[in-house]
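Data from work18.cif: mmCIF, C-alpha atoms
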data_upload
#
loop_
_atom_site.group_PDB
_atom_site.id
_atom_site.type_symbol
_atom_site.label_atom_id
_atom_site.label_comp_id
_atom_site.auth_asym_id
_atom_site.auth_seq_id
_atom_site.Cartn_x
_atom_site.Cartn_y
_atom_site.Cartn_z
ATOM 1 C CA MET A 1 2.011 -9.768 73.728
ATOM 2 C CA ASP A 2 2.296 -13.015 71.982
ATOM 3 C CA THR A 3 3.513 -12.905 68.363
ATOM 4 C CA ALA A 4 0.744 -15.183 67.215
ATOM 5 C CA ILE A 5 -1.875 -12.844 68.667
ATOM 6 C CA LEU A 6 -0.147 -9.809 67.137
ATOM 7 C CA ALA A 7 0.049 -11.551 63.754
ATOM 8 C CA GLY A 8 -3.655 -12.386 64.011
ATOM 9 C CA ILE A 9 -4.544 -8.747 64.819
ATOM 10 C CA VAL A 10 -2.396 -7.401 61.960
ATOM 11 C CA SER A 11 -3.872 -10.001 59.610
ATOM 12 C CA SER A 12 -7.399 -9.023 60.645
ATOM 13 C CA ILE A 13 -6.684 -5.297 60.191
ATOM 14 C CA VAL A 14 -5.111 -5.865 56.760
ATOM 15 C CA GLY A 15 -8.002 -8.106 55.719
ATOM 16 C CA GLY A 16 -10.517 -5.512 56.948
ATOM 17 C CA LEU A 17 -8.745 -2.713 55.074
ATOM 18 C CA ILE A 18 -8.680 -4.786 51.885
ATOM 19 C CA ALA A 19 -12.393 -5.506 52.283
ATOM 20 C CA ILE A 20 -13.150 -1.778 52.814
ATOM 21 C CA VAL A 21 -11.051 -0.693 49.809
ATOM 22 C CA THR A 22 -12.631 -3.408 47.640
ATOM 23 C CA ALA A 23 -16.129 -2.382 48.729
ATOM 24 C CA PHE A 24 -15.368 1.285 48.017
ATOM 25 C CA PHE A 25 -14.057 0.632 44.495
ATOM 26 C CA SER A 26 -16.867 -1.810 43.748
ATOM 27 C CA SER A 27 -19.546 0.648 44.841
ATOM 28 C CA SER A 28 -17.841 3.469 42.936
ATOM 29 C CA PHE A 29 -17.725 1.345 39.762
ATOM 30 C CA TYR A 30 -21.344 0.273 40.247
ATOM 31 C CA ALA A 31 -22.466 3.895 40.717
ATOM 32 C CA LYS A 32 -20.689 4.978 37.508
ATOM 33 C CA GLN A 33 -22.127 2.029 35.599
ATOM 34 C CA THR A 34 -25.634 2.752 36.885
ATOM 35 C CA LYS A 35 -25.309 6.429 35.971
ATOM 36 C CA ALA A 36 -24.173 5.486 32.441
ATOM 37 C CA GLU A 37 -27.091 3.074 32.069
ATOM 38 C CA LEU A 38 -29.540 5.737 33.234
ATOM 39 C CA GLN A 39 -28.041 8.235 30.773
ATOM 40 C CA THR A 40 -28.406 5.706 27.945
ATOM 41 C CA GLU A 41 -32.027 5.073 28.934
ATOM 42 C CA PHE A 42 -32.719 8.813 29.065
ATOM 43 C CA GLU A 43 -31.179 9.367 25.628
ATOM 44 C CA SER A 44 -33.200 6.486 24.209
ATOM 45 C CA ARG A 45 -36.466 7.923 25.554
ATOM 46 C CA TYR A 46 -35.493 11.410 24.379
ATOM 47 C CA ASN A 47 -34.716 10.179 20.860
ATOM 48 C CA THR A 48 -37.965 8.213 20.757
ATOM 49 C CA LYS A 49 -39.918 11.336 21.742
ATOM 50 C CA LYS A 50 -38.006 13.400 19.182
ATOM 51 C CA TRP A 51 -38.853 10.846 16.482
ATOM 52 C CA GLU A 52 -42.540 10.962 17.472
ATOM 53 C CA VAL A 53 -42.702 14.770 17.405
ATOM 54 C CA TYR A 54 -40.852 15.076 14.113
ATOM 55 C CA THR A 55 -42.952 12.395 12.410
ATOM 56 C CA GLU A 56 -46.101 14.092 13.747
ATOM 57 C CA PHE A 57 -44.900 17.299 12.106
ATOM 58 C CA GLY A 58 -44.363 15.399 8.845
ATOM 59 C CA SER A 59 -47.828 13.890 9.140
ATOM 60 C CA LEU A 60 -49.291 17.353 9.640
ATOM 61 C CA ALA A 61 -47.476 18.537 6.517
ATOM 62 C CA ASN A 62 -48.979 15.621 4.608
ATOM 63 C CA ASP A 63 -52.463 16.527 5.888
ATOM 64 C CA VAL A 64 -52.018 20.170 4.893
ATOM 65 C CA PHE A 65 -50.873 19.312 1.368
ATOM 66 C CA ALA A 66 -53.726 16.801 1.012
ATOM 67 C CA SER A 67 -56.253 19.430 2.083
ATOM 68 C CA VAL A 68 -54.816 21.903 -0.418
ATOM 69 C CA LYS A 69 -55.265 19.352 -3.205
ATOM 70 C CA ALA A 70 -58.808 18.608 -1.984
ATOM 71 C CA LYS A 71 -59.512 22.357 -1.683
ATOM 72 C CA SER A 72 -60.614 21.941 1.945
ATOM 73 C CA THR A 73 -57.881 23.928 3.669
ATOM 74 C CA ALA A 74 -60.151 26.595 5.152
ATOM 75 C CA LYS A 75 -62.357 23.976 6.795
ATOM 76 C CA SER A 76 -59.353 22.039 8.131
ATOM 77 C CA MET A 77 -57.340 25.044 9.350
ATOM 78 C CA PRO A 78 -58.560 24.971 13.018
ATOM 79 C CA VAL A 79 -57.500 21.321 13.322
ATOM 80 C CA PHE A 80 -54.119 22.098 11.742
ATOM 81 C CA SER A 81 -53.608 25.064 14.070
ATOM 82 C CA ASN A 82 -54.330 22.963 17.170
ATOM 83 C CA LYS A 83 -51.971 20.203 16.023
ATOM 84 C CA LEU A 84 -49.293 22.771 15.250
ATOM 85 C CA LEU A 85 -49.587 24.262 18.750
ATOM 86 C CA THR A 86 -49.138 20.809 20.276
ATOM 87 C CA ILE A 87 -46.088 20.154 18.118
ATOM 88 C CA ALA A 88 -44.636 23.581 18.950
ATOM 89 C CA GLY A 89 -44.943 22.774 22.650
ATOM 90 C CA ASP A 90 -43.141 19.480 22.113
ATOM 91 C CA LEU A 91 -40.398 21.281 20.181
ATOM 92 C CA TRP A 92 -39.599 23.168 23.383
ATOM 93 C CA ILE A 93 -38.502 19.865 24.846
ATOM 94 C CA VAL A 94 -36.971 17.886 21.990
ATOM 95 C CA GLY A 95 -36.251 20.334 19.158
ATOM 96 C CA SER A 96 -32.649 21.100 18.358
ATOM 97 C CA SER A 97 -31.655 24.751 18.207
ATOM 98 C CA ALA A 98 -31.602 24.595 14.388
ATOM 99 C CA VAL A 99 -35.128 23.120 14.293
ATOM 100 C CA ILE A 100 -36.462 25.735 16.693
ATOM 101 C CA GLN A 101 -34.774 28.568 14.800
ATOM 102 C CA SER A 102 -36.222 27.321 11.482
ATOM 103 C CA TYR A 103 -39.661 27.064 13.071
ATOM 104 C CA ILE A 104 -39.411 30.616 14.432
ATOM 105 C CA THR A 105 -38.289 31.961 11.045
ATOM 106 C CA TRP A 106 -41.275 30.286 9.384
ATOM 107 C CA GLN A 107 -43.693 31.587 12.049
ATOM 108 C CA VAL A 108 -42.362 35.164 11.828
ATOM 109 C CA HIS A 109 -42.608 35.090 8.027
ATOM 110 C CA ASN A 110 -46.198 33.830 8.161
ATOM 111 C CA ALA A 111 -47.145 36.476 10.736
ATOM 112 C CA GLN A 112 -45.641 39.220 8.563
ATOM 113 C CA VAL A 113 -47.532 37.953 5.507
ATOM 114 C CA ALA A 114 -50.792 37.691 7.499
ATOM 115 C CA GLN A 115 -50.396 41.268 8.770
ATOM 116 C CA GLY A 116 -49.729 42.526 5.260
ATOM 117 C CA ASN A 117 -46.194 43.597 6.156
ATOM 118 C CA ARG A 118 -44.609 41.220 3.691
ATOM 119 C CA GLU A 119 -45.428 39.579 0.399
ATOM 120 C CA ASN A 120 -45.215 35.837 0.055
ATOM 121 C CA LEU A 121 -42.982 35.884 -2.981
ATOM 122 C CA ASN A 122 -42.098 32.675 -4.789
ATOM 123 C CA ASN A 123 -43.815 30.516 -2.178
ATOM 124 C CA GLU A 124 -41.235 31.515 0.424
ATOM 125 C CA ASN A 125 -43.429 30.174 3.241
ATOM 126 C CA LEU A 126 -43.354 26.701 1.645
ATOM 127 C CA PHE A 127 -39.575 26.791 1.389
ATOM 128 C CA LEU A 128 -39.275 27.915 5.016
ATOM 129 C CA PHE A 129 -41.652 25.124 6.054
ATOM 130 C CA ALA A 130 -39.556 22.589 4.143
ATOM 131 C CA GLU A 131 -36.438 23.988 5.847
ATOM 132 C CA ILE A 132 -37.925 22.960 9.196
ATOM 133 C CA VAL A 133 -38.205 19.390 7.903
ATOM 134 C CA ILE A 134 -34.611 19.495 6.635
ATOM 135 C CA GLN A 135 -33.409 20.577 10.083
ATOM 136 C CA MET A 136 -35.478 17.806 11.680
ATOM 137 C CA ARG A 137 -33.879 15.272 9.329
ATOM 138 C CA ARG A 138 -30.420 16.538 10.293
ATOM 139 C CA ASP A 139 -31.330 16.328 13.960
ATOM 140 C CA LEU A 140 -32.376 12.708 13.444
ATOM 141 C CA GLY A 141 -28.978 11.860 11.969
ATOM 142 C CA TYR A 142 -29.134 12.685 8.263
ATOM 143 C CA GLN A 143 -26.170 15.042 8.575
ATOM 144 C CA SER A 144 -24.709 14.595 5.100
ATOM 145 C CA ASP A 145 -28.046 14.348 3.318
ATOM 146 C CA GLN A 146 -28.164 16.527 0.190
ATOM 147 C CA VAL A 147 -31.964 16.880 0.050
ATOM 148 C CA THR A 148 -33.157 20.449 -0.503
ATOM 149 C CA ALA A 149 -36.390 22.274 0.297
ATOM 150 C CA ARG A 150 -37.215 22.118 -3.414
ATOM 151 C CA ASP A 151 -36.753 18.320 -3.364
ATOM 152 C CA LEU A 152 -39.093 17.925 -0.404
ATOM 153 C CA LEU A 153 -41.725 20.185 -1.920
ATOM 154 C CA ALA A 154 -41.559 18.293 -5.216
ATOM 155 C CA VAL A 155 -42.866 15.225 -3.383
ATOM 156 C CA TYR A 156 -46.217 17.043 -3.103
ATOM 157 C CA ILE A 157 -45.982 19.706 -5.805
ATOM 158 C CA PRO A 158 -44.514 18.369 -9.051
ATOM 159 C CA GLU A 159 -43.852 21.889 -10.339
ATOM 160 C CA PHE A 160 -40.999 22.140 -7.824
ATOM 161 C CA ALA A 161 -39.160 19.184 -9.338
ATOM 162 C CA LYS A 162 -35.730 20.070 -10.663
ATOM 163 C CA THR A 163 -35.416 20.031 -14.402
ATOM 164 C CA THR A 164 -32.060 19.255 -15.910
#
Will you turn the file into structure tokens for me?
Amino acid sequence: MDTAILAGIVSSIVGGLIAIVTAFFSSSFYAKQTKAELQTEFESRYNTKKWEVYTEFGSLANDVFASVKAKSTAKSMPVFSNKLLTIAGDLWIVGSSAVIQSYITWQVHNAQVAQGNRENLNNENLFLFAEIVIQMRRDLGYQSDQVTARDLLAVYIPEFAKTT
């Protein structure tokens, strides 16, 4: 065989191999980049949903405290219960373990009080409710925040304000 033909064949094979290797690494890089972009998009949507659920919970708290001040809690309770069920369902998806555990603790306490198996001493249910909000704040990024349940409650009930 002629050397020129052999050189052409070898050159073609080497060029083809380089093209295959380049295509493989390019597609591998593209796949990793696409996966990272999809993960970022998922996390963004997840955090947006979490923000919506947590702010809805805060809005419900505001409505409850407003109804207490207006002495219309009994009339508003069915609406509050329905909203709370919706939020609880959303917590299944976006709530951190600390948020869910705080919510469960609050629910169990309220059930025990309602059944007469426990007294609601020192507004414990309010403090447990505020603890849910604290855990939500932590889940949203306020990790080193020093706010307490008493601080949050004082926003609505001045008697809870710290006195120094």
Output of the PyMOL selection byres ((chain A and resi 54-67) around 8), listed as a PyMOL selection string: chain A and resi 50-53+68-73+76+80+83-84+87+133+136+156
Of the residues A:Gln135, A:Gln143, A:Asn47, A:Ser27, which is the one nearest to Ile93 of chain A, using all atoms listed in the file? A:Asn47
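The gap separating atom CA of Gln101 of chain A from atom CA of Tyr142 of chain A is 18.1 Å, in Å to one decimal.
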With distances taken over all atoms listed in the file, which residue among A:Ile157, A:Leu38, A:Val147, A:Val99 lies nearest Leu126 of chain A?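 When distances to Leu126 of chain A are compared using all atoms listed in the file, the smallest one comes from A:Ile157.
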Please measure the separation of atom CA of Trp106 of chain A and atom CA of Ile134 of chain A, giving the value in Å to one decimal. 13.0 Å
Selected residue, from A:Ala130, A:Ala149, A:Gly95, A:Arg137, that lies nearest to Lys49 of chain A when counting only C-alpha atoms: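 Of all the options, A:Gly95 lies closest to Lys49 of chain A.
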Distance table requested - segment 30-116 of chain A against segment 11-25 of chain A, cut-off 12 Å, all atoms listed in the file: one row per qualifying residue with the closest atom pair and its distance in Å to one decimal, ordered by chain and rising residue number, as JSON lines.
{"residue": "A:Tyr30", "atom": "CA", "partner": "A:Phe25", "partner_atom": "CA", "distance": 8.4}
{"residue": "A:Ala31", "atom": "CA", "partner": "A:Phe25", "partner_atom": "CA", "distance": 9.8}
{"residue": "A:Lys32", "atom": "CA", "partner": "A:Phe25", "partner_atom": "CA", "distance": 10.6}
So which residues get picked by the PyMOL selection byres ((chain A and resi 103) around 9) here, written as a list in words? Ala88, Ala98, Val99, Ile100, Gln101, Ser102, Ile104, Thr105, Trp106, Gln107, Val108, Leu128, Phe129, Glu131 and Ile132 of chain A
Specify the axis-aligned box that encloses all atoms of segment 123-127 of chain A listed in the file after padding of 4 Å on each side, stating its centre and edge lengths in Å to one decimal as AutoDock Vina command-line options.
--center_x -41.7 --center_y 29.1 --center_z 0.5 --size_x 12.2 --size_y 12.8 --size_z 13.4
Atom CA of Leu153 of chain A to atom CA of Leu140 of chain A, distance in Å rounded to a single decimal: 19.5 Å
